[in-house]
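Reproduced below: model_33.cif, with mmCIF, C-alpha atoms and all ligand atoms.
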data_model
loop_
_atom_site.label_atom_id
_atom_site.label_comp_id
_atom_site.auth_asym_id
_atom_site.auth_seq_id
_atom_site.Cartn_x
_atom_site.Cartn_y
_atom_site.Cartn_z
CA MET A 26 -23.78 10.12 38.48
CA LYS A 27 -20.63 8.29 39.62
CA ILE A 28 -20.74 6.91 43.15
CA LEU A 29 -17.94 5.26 45.13
CA MET A 30 -19.13 2.64 47.61
CA TYR A 31 -16.62 2.01 50.40
CA ASN A 32 -16.42 -1.14 52.54
CA THR A 33 -18.77 -3.14 50.36
CA VAL A 34 -19.57 -6.67 51.52
CA SER A 35 -20.57 -9.48 49.18
CA ASP A 36 -24.17 -9.56 50.51
CA GLU A 37 -24.65 -6.06 49.14
CA LEU A 38 -23.48 -6.69 45.57
CA PRO A 39 -26.71 -8.12 44.09
CA TYR A 40 -28.65 -5.09 45.37
CA VAL A 41 -26.04 -2.68 44.03
CA LYS A 42 -26.34 -4.35 40.61
CA LYS A 43 -30.14 -4.08 40.64
CA TRP A 44 -29.99 -0.43 41.73
CA ILE A 45 -27.60 0.39 38.86
CA GLU A 46 -29.97 -1.33 36.40
CA LYS A 47 -32.91 0.60 37.80
CA THR A 48 -31.34 4.06 38.00
CA GLY A 49 -28.64 4.10 35.34
CA HIS A 50 -26.08 5.57 37.75
CA GLU A 51 -22.54 4.22 37.96
CA VAL A 52 -21.37 2.61 41.23
CA VAL A 53 -17.82 1.47 41.90
CA THR A 54 -17.50 -0.86 44.91
CA ILE A 55 -14.36 -1.30 46.99
CA ASP A 56 -13.66 -3.47 50.05
CA GLN A 57 -11.82 -0.88 52.12
CA PRO A 58 -13.41 1.58 54.58
CA LEU A 59 -13.09 5.33 54.18
CA ASP A 60 -9.95 6.47 55.98
CA GLU A 61 -6.80 8.53 55.45
CA SER A 62 -5.34 5.86 53.16
CA THR A 63 -8.42 5.49 50.92
CA VAL A 64 -9.87 9.00 50.74
CA GLU A 65 -7.91 9.68 47.50
CA ARG A 66 -10.06 7.04 45.79
CA ALA A 67 -13.01 9.46 45.94
CA LYS A 68 -11.33 11.81 43.44
CA GLY A 69 -13.39 11.99 40.25
CA PHE A 70 -16.60 10.67 41.87
CA ASP A 71 -19.78 12.67 42.46
CA ALA A 72 -20.88 10.94 45.66
CA ILE A 73 -19.72 8.42 48.26
CA THR A 74 -21.29 5.88 50.60
CA THR A 75 -19.82 3.67 53.30
CA GLN A 76 -20.74 1.39 56.18
CA GLN A 77 -18.03 0.94 58.75
CA THR A 78 -17.29 0.80 62.46
CA THR A 79 -13.97 2.65 62.23
CA ALA A 80 -13.96 6.43 62.66
CA ILE A 81 -13.87 8.80 59.69
CA ASN A 82 -11.34 11.23 61.12
CA ALA A 83 -11.13 15.02 60.88
CA PRO A 84 -8.67 15.52 57.96
CA ILE A 85 -10.78 13.37 55.63
CA TYR A 86 -13.64 15.87 55.28
CA ASN A 87 -11.43 18.67 53.98
CA GLN A 88 -9.87 16.33 51.45
CA LEU A 89 -13.30 15.17 50.29
CA ALA A 90 -14.37 18.80 49.89
CA GLN A 91 -11.30 19.42 47.75
CA PHE A 92 -12.42 16.54 45.51
CA ASN A 93 -15.80 18.32 45.26
CA ILE A 94 -17.58 15.61 47.29
CA LYS A 95 -20.64 17.18 48.90
CA GLN A 96 -22.08 14.32 50.96
CA ILE A 97 -21.42 11.02 52.75
CA ALA A 98 -24.27 8.48 52.88
CA ILE A 99 -23.64 5.85 55.55
CA ARG A 100 -25.40 2.51 55.12
CA GLN A 101 -26.04 1.97 58.84
CA VAL A 102 -27.95 3.42 61.78
CA GLY A 103 -25.14 4.51 64.14
CA TYR A 104 -23.32 7.62 62.93
CA ASP A 105 -20.82 7.94 65.77
CA VAL A 106 -18.13 7.10 63.15
CA LEU A 107 -18.66 10.55 61.62
CA ASN A 108 -17.11 13.80 62.81
CA LEU A 109 -20.14 16.05 62.47
CA PRO A 110 -18.47 19.46 63.12
CA GLU A 111 -15.73 18.71 60.56
CA ALA A 112 -18.24 17.53 57.98
CA PHE A 113 -20.43 20.61 58.40
CA ALA A 114 -17.40 22.95 58.44
CA ASN A 115 -16.55 21.52 55.01
CA ASN A 116 -20.14 21.75 53.72
CA ILE A 117 -20.50 18.00 53.54
CA ARG A 118 -24.06 16.77 54.06
CA LEU A 119 -24.55 13.48 55.88
CA SER A 120 -27.20 10.76 55.88
CA ASN A 121 -27.73 7.44 57.64
CA VAL A 122 -30.23 4.58 57.25
CA ALA A 123 -32.19 4.80 60.50
CA ALA A 124 -34.88 2.23 59.71
CA TYR A 125 -33.71 -0.37 57.22
CA SER A 126 -36.17 -3.00 58.41
CA PRO A 127 -37.85 -2.86 61.83
CA ARG A 128 -39.76 -5.98 60.74
CA ALA A 129 -36.50 -7.95 60.51
CA ILE A 130 -35.80 -7.51 64.22
CA ALA A 131 -39.44 -7.90 65.21
CA GLU A 132 -39.81 -11.16 63.26
CA TYR A 133 -36.70 -12.67 64.85
CA THR A 134 -37.85 -11.62 68.32
CA LEU A 135 -41.08 -13.47 67.62
CA THR A 136 -39.18 -16.49 66.27
CA GLN A 137 -37.18 -16.81 69.47
CA LEU A 138 -40.28 -16.27 71.62
CA PHE A 139 -41.92 -19.20 69.83
CA ASN A 140 -38.74 -21.27 70.30
CA LEU A 141 -38.92 -20.60 74.03
CA ILE A 142 -42.60 -21.33 74.53
CA ARG A 143 -42.30 -24.57 72.50
CA HIS A 144 -39.13 -25.61 74.49
CA ASN A 145 -37.33 -26.25 71.21
CA LYS A 146 -33.78 -26.18 72.60
CA LYS A 147 -34.76 -28.74 75.26
CA PHE A 148 -36.42 -31.03 72.67
CA GLU A 149 -33.49 -30.74 70.27
CA ARG A 150 -30.94 -31.54 72.96
CA ALA A 151 -33.02 -34.55 74.06
CA MET A 152 -33.46 -35.83 70.49
CA ALA A 153 -29.71 -35.48 69.90
CA VAL A 154 -29.28 -38.28 72.48
CA GLY A 155 -32.21 -40.35 71.23
CA ASP A 156 -34.91 -39.13 73.61
CA TYR A 157 -38.03 -38.60 71.50
CA THR A 158 -40.53 -38.44 74.38
CA TRP A 159 -43.00 -35.59 74.99
CA ALA A 160 -41.69 -35.27 78.52
CA ALA A 161 -38.23 -34.39 77.23
CA GLY A 162 -39.32 -30.83 76.46
CA GLY A 163 -42.58 -30.42 78.29
CA GLN A 164 -45.91 -28.82 77.51
CA ALA A 165 -45.96 -25.56 75.57
CA ARG A 166 -48.00 -22.40 76.01
CA GLU A 167 -49.92 -20.73 73.16
CA ILE A 168 -49.16 -17.18 72.13
CA HIS A 169 -52.74 -15.89 72.14
CA ASN A 170 -52.93 -16.61 75.88
CA LEU A 171 -49.89 -14.48 76.67
CA THR A 172 -49.53 -10.88 77.79
CA VAL A 173 -46.42 -9.28 76.34
CA ALA A 174 -44.85 -6.08 77.69
CA VAL A 175 -43.04 -4.24 74.91
CA ILE A 176 -40.57 -1.83 76.54
CA GLY A 177 -39.83 0.82 73.92
CA VAL A 178 -42.62 1.07 71.35
CA GLY A 179 -40.65 2.78 68.60
CA ARG A 180 -40.06 1.42 65.09
CA ILE A 181 -39.16 -2.14 66.14
CA GLY A 182 -41.43 -2.29 69.18
CA THR A 183 -44.38 -1.15 67.07
CA ALA A 184 -43.71 -3.78 64.39
CA LEU A 185 -43.53 -6.47 67.07
CA ALA A 186 -46.65 -5.22 68.84
CA GLU A 187 -48.64 -5.32 65.59
CA MET A 188 -47.61 -8.91 64.91
CA LEU A 189 -48.28 -10.05 68.48
CA HIS A 190 -51.70 -8.42 68.40
CA ALA A 191 -52.48 -10.12 65.09
CA LEU A 192 -51.63 -13.45 66.75
CA GLY A 193 -54.08 -12.77 69.55
CA ALA A 194 -51.64 -11.85 72.33
CA THR A 195 -52.36 -8.99 74.73
CA VAL A 196 -49.75 -6.26 74.19
CA LEU A 197 -48.78 -3.76 76.89
CA GLY A 198 -46.61 -0.84 75.81
CA VAL A 199 -44.15 1.13 77.95
CA ASP A 200 -42.64 4.23 76.36
CA PRO A 201 -42.26 7.87 77.41
CA VAL A 202 -43.41 8.78 73.90
CA TYR A 203 -47.12 8.08 73.39
CA ARG A 204 -48.16 7.27 69.82
CA ALA A 205 -51.92 7.42 69.47
CA GLN A 206 -51.78 5.48 66.19
CA ASN A 207 -50.62 2.42 68.16
CA GLU A 208 -53.77 2.29 70.30
CA PRO A 209 -55.49 -0.37 68.13
CA PHE A 210 -52.84 -2.92 69.13
CA VAL A 211 -51.02 -1.59 72.22
CA ALA A 212 -52.36 -0.84 75.69
CA TYR A 213 -49.97 1.79 77.03
CA THR A 214 -49.20 1.54 80.72
CA THR A 215 -46.52 2.18 83.34
CA LEU A 216 -43.45 0.00 83.69
CA ASP A 217 -44.51 -1.26 87.12
CA ASP A 218 -47.98 -2.20 85.90
CA ALA A 219 -46.56 -3.95 82.84
CA LEU A 220 -44.08 -5.96 84.92
CA SER A 221 -46.82 -7.04 87.31
CA ARG A 222 -48.98 -8.43 84.45
CA ALA A 223 -46.60 -9.61 81.74
CA ASP A 224 -45.87 -13.20 80.79
CA VAL A 225 -43.24 -11.91 78.39
CA ILE A 226 -41.02 -8.78 78.59
CA SER A 227 -39.34 -7.60 75.40
CA PHE A 228 -36.83 -4.71 75.27
CA HIS A 229 -36.77 -2.41 72.23
CA THR A 230 -35.27 0.79 73.62
CA PRO A 231 -31.99 2.44 72.72
CA LEU A 232 -29.16 2.20 75.23
CA ASN A 233 -29.06 5.45 77.17
CA ASP A 234 -28.66 6.66 80.75
CA GLU A 235 -32.20 5.56 81.65
CA THR A 236 -32.08 2.16 79.98
CA ARG A 237 -28.55 1.09 80.97
CA ALA A 238 -29.06 -1.73 83.53
CA MET A 239 -32.79 -0.96 83.48
CA ALA A 240 -33.40 -4.63 84.26
CA ASP A 241 -31.65 -4.56 87.63
CA LYS A 242 -32.38 -6.29 90.96
CA ASN A 243 -35.29 -3.93 91.63
CA PHE A 244 -36.77 -4.63 88.17
CA PHE A 245 -36.52 -8.43 88.58
CA ALA A 246 -38.22 -8.10 91.99
CA LYS A 247 -41.32 -6.78 90.19
CA ILE A 248 -41.78 -9.49 87.54
CA GLN A 249 -44.10 -12.47 87.72
CA PRO A 250 -42.71 -15.97 88.40
CA GLY A 251 -42.46 -17.76 85.05
CA THR A 252 -41.86 -14.64 82.94
CA ILE A 253 -39.97 -14.86 79.64
CA MET A 254 -37.42 -12.11 78.90
CA LEU A 255 -36.38 -11.06 75.38
CA ASN A 256 -33.50 -8.70 74.69
CA PHE A 257 -32.98 -7.80 71.04
CA ALA A 258 -31.92 -4.21 71.79
CA ARG A 259 -28.60 -3.79 73.64
CA GLY A 260 -26.85 -6.15 76.08
CA GLU A 261 -26.21 -3.48 78.68
CA ILE A 262 -29.95 -2.99 79.28
CA VAL A 263 -30.06 -6.17 81.39
CA ASP A 264 -27.93 -6.89 84.46
CA MET A 265 -26.54 -10.31 83.50
CA VAL A 266 -25.92 -11.34 87.12
CA GLU A 267 -29.60 -10.80 87.91
CA LEU A 268 -30.58 -12.57 84.70
CA GLU A 269 -28.57 -15.65 85.63
CA LYS A 270 -30.02 -15.67 89.15
CA ALA A 271 -33.55 -15.41 87.75
CA LEU A 272 -33.00 -18.31 85.34
CA GLN A 273 -31.46 -20.40 88.10
CA SER A 274 -34.30 -19.77 90.55
CA GLY A 275 -37.01 -20.29 87.95
CA LEU A 276 -38.25 -16.70 88.32
CA LEU A 277 -37.67 -16.54 84.56
CA ALA A 278 -39.17 -19.39 82.54
CA GLY A 279 -36.80 -18.50 79.73
CA ALA A 280 -34.80 -15.78 78.04
CA ALA A 281 -33.66 -15.07 74.49
CA PHE A 282 -30.91 -12.56 73.76
CA ASP A 283 -29.54 -11.38 70.40
CA VAL A 284 -27.16 -9.00 72.16
CA ALA A 285 -24.83 -9.12 75.17
CA PRO A 286 -22.76 -6.70 77.21
CA ASN A 287 -19.36 -6.10 75.56
CA GLU A 288 -20.47 -8.24 72.65
CA ASN A 289 -17.80 -6.81 70.33
CA ASP A 290 -15.33 -8.98 72.24
CA PHE A 291 -16.86 -12.17 70.82
CA MET A 292 -19.76 -11.56 68.42
CA ASN A 293 -19.13 -11.61 64.67
CA GLN A 294 -15.98 -13.70 65.09
CA LYS A 295 -15.00 -17.34 65.49
CA GLN A 296 -13.46 -18.64 68.72
CA PRO A 297 -13.48 -21.77 70.87
CA THR A 298 -16.48 -21.70 73.23
CA THR A 299 -14.02 -21.76 76.14
CA LYS A 300 -12.95 -18.24 75.10
CA LEU A 301 -16.46 -16.84 75.53
CA PRO A 302 -17.13 -14.70 78.64
CA ALA A 303 -17.61 -16.98 81.67
CA ASP A 304 -21.23 -15.89 82.26
CA ILE A 305 -22.14 -16.56 78.63
CA GLN A 306 -20.60 -20.03 78.87
CA ARG A 307 -22.73 -20.73 81.95
CA LEU A 308 -25.90 -19.28 80.45
CA LEU A 309 -25.53 -21.37 77.30
CA GLN A 310 -25.84 -24.48 79.48
CA TYR A 311 -29.46 -23.59 80.21
CA ASP A 312 -32.12 -25.23 78.04
CA ASN A 313 -34.23 -22.11 78.44
CA PHE A 314 -31.61 -19.52 77.49
CA LEU A 315 -31.22 -18.75 73.79
CA LEU A 316 -28.39 -16.63 72.44
CA SER A 317 -27.96 -15.49 68.84
CA PRO A 318 -25.04 -13.54 67.36
CA HIS A 319 -26.75 -10.16 66.76
CA ILE A 320 -28.47 -11.40 63.62
CA ALA A 321 -31.99 -10.09 64.12
CA PHE A 322 -31.41 -7.36 61.54
CA TYR A 323 -29.72 -9.68 59.03
CA THR A 324 -32.32 -10.25 56.30
CA ASP A 325 -32.47 -9.75 52.56
CA THR A 326 -34.89 -6.83 52.96
CA ALA A 327 -32.66 -5.08 55.49
CA ILE A 328 -29.51 -5.35 53.35
CA LYS A 329 -31.44 -4.26 50.26
CA ASN A 330 -32.82 -1.23 52.11
CA MET A 331 -29.41 -0.26 53.51
CA VAL A 332 -27.94 -0.27 50.00
CA GLU A 333 -30.84 1.35 48.18
CA MET A 334 -31.62 4.01 50.76
CA ALA A 335 -27.99 5.12 51.02
CA LEU A 336 -27.53 5.25 47.24
CA ASN A 337 -30.81 7.12 46.77
CA ASP A 338 -29.82 9.59 49.50
CA ALA A 339 -26.43 10.11 47.88
CA VAL A 340 -28.08 11.08 44.58
CA THR A 341 -30.70 13.26 46.29
CA MET A 342 -28.11 15.19 48.26
CA VAL A 343 -25.76 15.74 45.34
CA ASN A 344 -28.76 17.11 43.46
CA GLY A 345 -29.45 19.48 46.36
CA GLY A 346 -32.64 17.68 47.37
CA PHE A 347 -34.16 16.76 50.74
CA THR A 348 -34.09 13.34 52.41
CA GLU A 349 -35.59 12.45 55.79
CA ASN A 350 -32.40 10.45 56.47
CA GLU A 351 -30.24 13.58 56.57
CA ILE A 352 -28.24 14.05 59.78
CA LEU A 353 -28.89 17.68 60.61
CA ARG A 354 -26.61 20.15 62.35
P1 LIG A 401 -36.68 3.78 67.92
O1 LIG A 401 -35.90 5.00 68.26
O2 LIG A 401 -37.61 3.82 66.77
O3 LIG A 401 -37.53 3.32 69.20
C1 LIG A 401 -37.01 3.29 70.50
C2 LIG A 401 -38.16 3.60 71.46
O4 LIG A 401 -37.68 3.44 72.80
C3 LIG A 401 -38.66 5.05 71.33
O5 LIG A 401 -40.05 5.07 71.12
C4 LIG A 401 -38.28 5.67 72.66
O6 LIG A 401 -39.20 6.67 73.10
C5 LIG A 401 -38.31 4.45 73.57
N1 LIG A 401 -37.61 4.64 74.84
C6 LIG A 401 -36.49 5.37 75.08
N2 LIG A 401 -36.19 5.29 76.40
C7 LIG A 401 -37.11 4.49 76.97
C8 LIG A 401 -37.33 4.03 78.28
N3 LIG A 401 -36.52 4.39 79.29
N4 LIG A 401 -38.38 3.22 78.53
C9 LIG A 401 -39.21 2.86 77.52
N5 LIG A 401 -39.07 3.27 76.26
C10 LIG A 401 -38.03 4.07 75.98
O7 LIG A 401 -35.60 2.64 67.75
P2 LIG A 401 -35.79 1.25 66.98
O8 LIG A 401 -35.41 1.43 65.55
O9 LIG A 401 -37.12 0.67 67.33
O10 LIG A 401 -34.62 0.39 67.66
C11 LIG A 401 -34.67 0.07 69.05
C12 LIG A 401 -33.35 -0.54 69.47
O11 LIG A 401 -33.20 -1.83 68.85
C13 LIG A 401 -32.10 0.20 68.96
O12 LIG A 401 -31.78 1.30 69.78
C14 LIG A 401 -31.05 -0.85 69.01
O13 LIG A 401 -30.50 -0.88 70.31
C15 LIG A 401 -31.83 -2.15 68.79
N6 LIG A 401 -31.53 -2.78 67.49
C16 LIG A 401 -31.17 -4.09 67.47
C17 LIG A 401 -30.89 -4.74 66.26
C18 LIG A 401 -30.52 -6.20 66.20
O14 LIG A 401 -30.13 -6.69 65.11
N7 LIG A 401 -30.63 -6.94 67.28
C19 LIG A 401 -30.98 -4.02 65.06
C20 LIG A 401 -31.38 -2.68 65.11
C21 LIG A 401 -31.66 -2.08 66.32
#
Conversion result in structure tokens:
Amino acid sequence: MKILMYNTVSDELPYVKKWIEKTGHEVVTIDQPLDESTVERAKGFDAITTQQTTAINAPIYNQLAQFNIKQIAIRQVGYDVLNLPEAFANNIRLSNVAAYSPRAIAEYTLTQLFNLIRHNKKFERAMAVGDYTWAAGGQAREIHNLTVAVIGVGRIGTALAEMLHALGATVLGVDPVYRAQNEPFVAYTTLDDALSRADVISFHTPLNDETRAMADKNFFAKIQPGTIMLNFARGEIVDMVELEKALQSGLLAGAAFDVAPNENDFMNQKQPTTKLPADIQRLLQYDNFLLSPHIAFYTDTAIKNMVEMALNDAVTMVNGGFTENEILR
């Protein structure tokens, strides 16, 4: 089978090469996304895959159908770039990669939690100016003594909960969906109960009407003094004004964020720090606030899975088969 891979990035190439060796299919990679100017490239191919943040507009699906393309496999979770009605009207099946590596995000959440409880930023800043004393960072806490509230115990939350439990921490789970199989390592409870008992609060929900600004003034009023807050889900879940107040007052002992509100304005690009949003500039001054540029997902396993799952789905769909990654009508 001949597959055209749009918007390929260099990180993906080694996995494409291995997949070709393993399956014997032909894959042609190009740098450009799928749009009106590149759709012609699909002519003569059996299947296509892309990962992109720009929309795949209505006229493209009819053109693809004319080239006898029967599917689009996107190598990402979010499929808002697709026009579902147009795709289905042209009998084009669609797939995404919904779970490329929950462990990747869970492991990085854990990494940053350890960085916070060991006061690593404080120690590093002190050592940078020659201060090698214990007092520079202060005494740490140990993970097995901590109670962690995981808000959203889905794919990522479950992976994190399992690891925390293995390390001896007490894990509280808050999720409207109850998964009995998580009982060995999660004690499900209400949000209010979790907030009243947690040393650490970690968000792993999608952004939706209920979770937008979930961590508001009322939420912060319910947490314990000295709580650590982790947000590796979506920036808009936490009210940043309340976050800053809580760090300033000491209500929060620390916070680690891999996401931020309106992060597309500054993440995944280079700029002088003075161009960052004013609140981010202020927050970065804190020794107990850690920010990372939405990299929790960015591991070898995740990139490999994005490539392999999308290519496998492309083949399956062209052959008329079933994949659990199919986006259904
Ligand atoms: P998932 O759908 O498997 O799990 C989400 C869970 O949140 C579900 O169990 C759902 O029932 C629960 N939930 C929904 N509303 C809730 C609420 N109001 N209170 C409590 N729980 C609620 O999703 P996932 O794959 O685990 O991903 C979770 C989120 O992580 C994504 O939506 C995304 O925002 C974020 N994410 C971040 C990165 C990164 O690199 N930082 C990468 C991938 C995903």
Write as a PDB file with C-alpha atoms, keeping the file's coordinate frame the residues around ligand LIG 401 (chain A), taking 6 Å as the cut-off and counting all atoms listed in the file.
ATOM      1  CA  ALA A 124     -34.880   2.230  59.710  1.00  0.00           C
ATOM      2  CA  ILE A 130     -35.800  -7.510  64.220  1.00  0.00           C
ATOM      3  CA  ILE A 176     -40.570  -1.830  76.540  1.00  0.00           C
ATOM      4  CA  GLY A 177     -39.830   0.820  73.920  1.00  0.00           C
ATOM      5  CA  VAL A 178     -42.620   1.070  71.350  1.00  0.00           C
ATOM      6  CA  GLY A 179     -40.650   2.780  68.600  1.00  0.00           C
ATOM      7  CA  ARG A 180     -40.060   1.420  65.090  1.00  0.00           C
ATOM      8  CA  ILE A 181     -39.160  -2.140  66.140  1.00  0.00           C
ATOM      9  CA  GLY A 182     -41.430  -2.290  69.180  1.00  0.00           C
ATOM     10  CA  VAL A 199     -44.150   1.130  77.950  1.00  0.00           C
ATOM     11  CA  ASP A 200     -42.640   4.230  76.360  1.00  0.00           C
ATOM     12  CA  PRO A 201     -42.260   7.870  77.410  1.00  0.00           C
ATOM     13  CA  VAL A 202     -43.410   8.780  73.900  1.00  0.00           C
ATOM     14  CA  HIS A 229     -36.770  -2.410  72.230  1.00  0.00           C
ATOM     15  CA  THR A 230     -35.270   0.790  73.620  1.00  0.00           C
ATOM     16  CA  PRO A 231     -31.990   2.440  72.720  1.00  0.00           C
ATOM     17  CA  LEU A 232     -29.160   2.200  75.230  1.00  0.00           C
ATOM     18  CA  GLU A 235     -32.200   5.560  81.650  1.00  0.00           C
ATOM     19  CA  THR A 236     -32.080   2.160  79.980  1.00  0.00           C
ATOM     20  CA  PHE A 257     -32.980  -7.800  71.040  1.00  0.00           C
ATOM     21  CA  ALA A 258     -31.920  -4.210  71.790  1.00  0.00           C
ATOM     22  CA  ARG A 259     -28.600  -3.790  73.640  1.00  0.00           C
ATOM     23  CA  ASP A 283     -29.540 -11.380  70.400  1.00  0.00           C
ATOM     24  CA  HIS A 319     -26.750 -10.160  66.760  1.00  0.00           C
ATOM     25  CA  ILE A 320     -28.470 -11.400  63.620  1.00  0.00           C
ATOM     26  CA  ALA A 321     -31.990 -10.090  64.120  1.00  0.00           C
ATOM     27  CA  PHE A 322     -31.410  -7.360  61.540  1.00  0.00           C
TER      28      PHE A 322
END
Exercise. Restricting the calculation to only C-alpha atoms, which member of A:Asn313, A:Thr172, A:Gln91, A:Asn344 is positioned closest to His144 (chain A)?
Worked result: A:Asn313
Problem set entry | Atom-to-atom span, CA of Ile117 (chain A) and CA of Ala339 (chain A), Å | 11.4 Å
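Nearest to Leu119 (chain A) of all the residues A:Val41, A:Ile73, A:Ala151, A:Ala161 is A:Ile73, counting all atoms listed in the file.
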Exercise. Neighbours of Tyr213 (chain A) within 9 Å (only C-alpha atoms; same-chain residues fewer than 3 positions away dropped), as a PyMOL selection string?
Worked result: chain A and resi 196-200+203+207-208+219
For this session: Give me the residues within 10 Å of Glu333 (chain A) as a list in words, counting only C-alpha atoms and dropping any in the same chain fewer than 3 places off.
Result: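 Using only C-alpha atoms, the neighbours found are Glu37, Tyr40, Val41, Lys43, Trp44, Ile45, Arg100, Val122, Tyr125, Ala327, Ile328, Lys329, Asn330, Leu336, Asn337, Asp338 and Ala339 of chain A.
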Problem set entry | CA of Asp36 (chain A) to CA of Phe228 (chain A), distance in Å rounded to a single decimal |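 CA of Phe228 (chain A) lies 28.2 Å from CA of Asp36 (chain A).
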Exercise. Counting all atoms listed in the file, which of A:Phe314, A:Trp159, A:Phe347, A:Tyr133 gets nearest to Ala278 (chain A)?
Worked result: A:Phe314
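Between Gln76 (chain A) and the candidates A:Gly103, A:Gly345, A:Gly49, A:Pro250, the tightest atom-to-atom separation, counting all atoms listed in the file, involves A:Gly103.
Interatomic distance, CA of Pro39 (chain A) to CA of Thr326 (chain A): 12.1 Å.
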For this session: Extract, using only C-alpha atoms, all DNA, RNA and protein residues at most 10 Å from Lys247 (chain A), discarding same-chain residues fewer than 4 positions from it, and format them as a list in words.
Result: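 Counting only C-alpha atoms, the residues come to Leu216, Asp217, Asp218, Ala219, Leu220, Ser221, Arg222, Lys242 and Asn243 of chain A.
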Exercise. Residues at most 12 Å from Lys270 (chain A), counting all atoms listed in the file, excluding those fewer than 5 positions away in the same chain, as a PyMOL selection string?
Worked result: chain A and resi 241-242+245-246+264-265+275-279+304+307-308+311
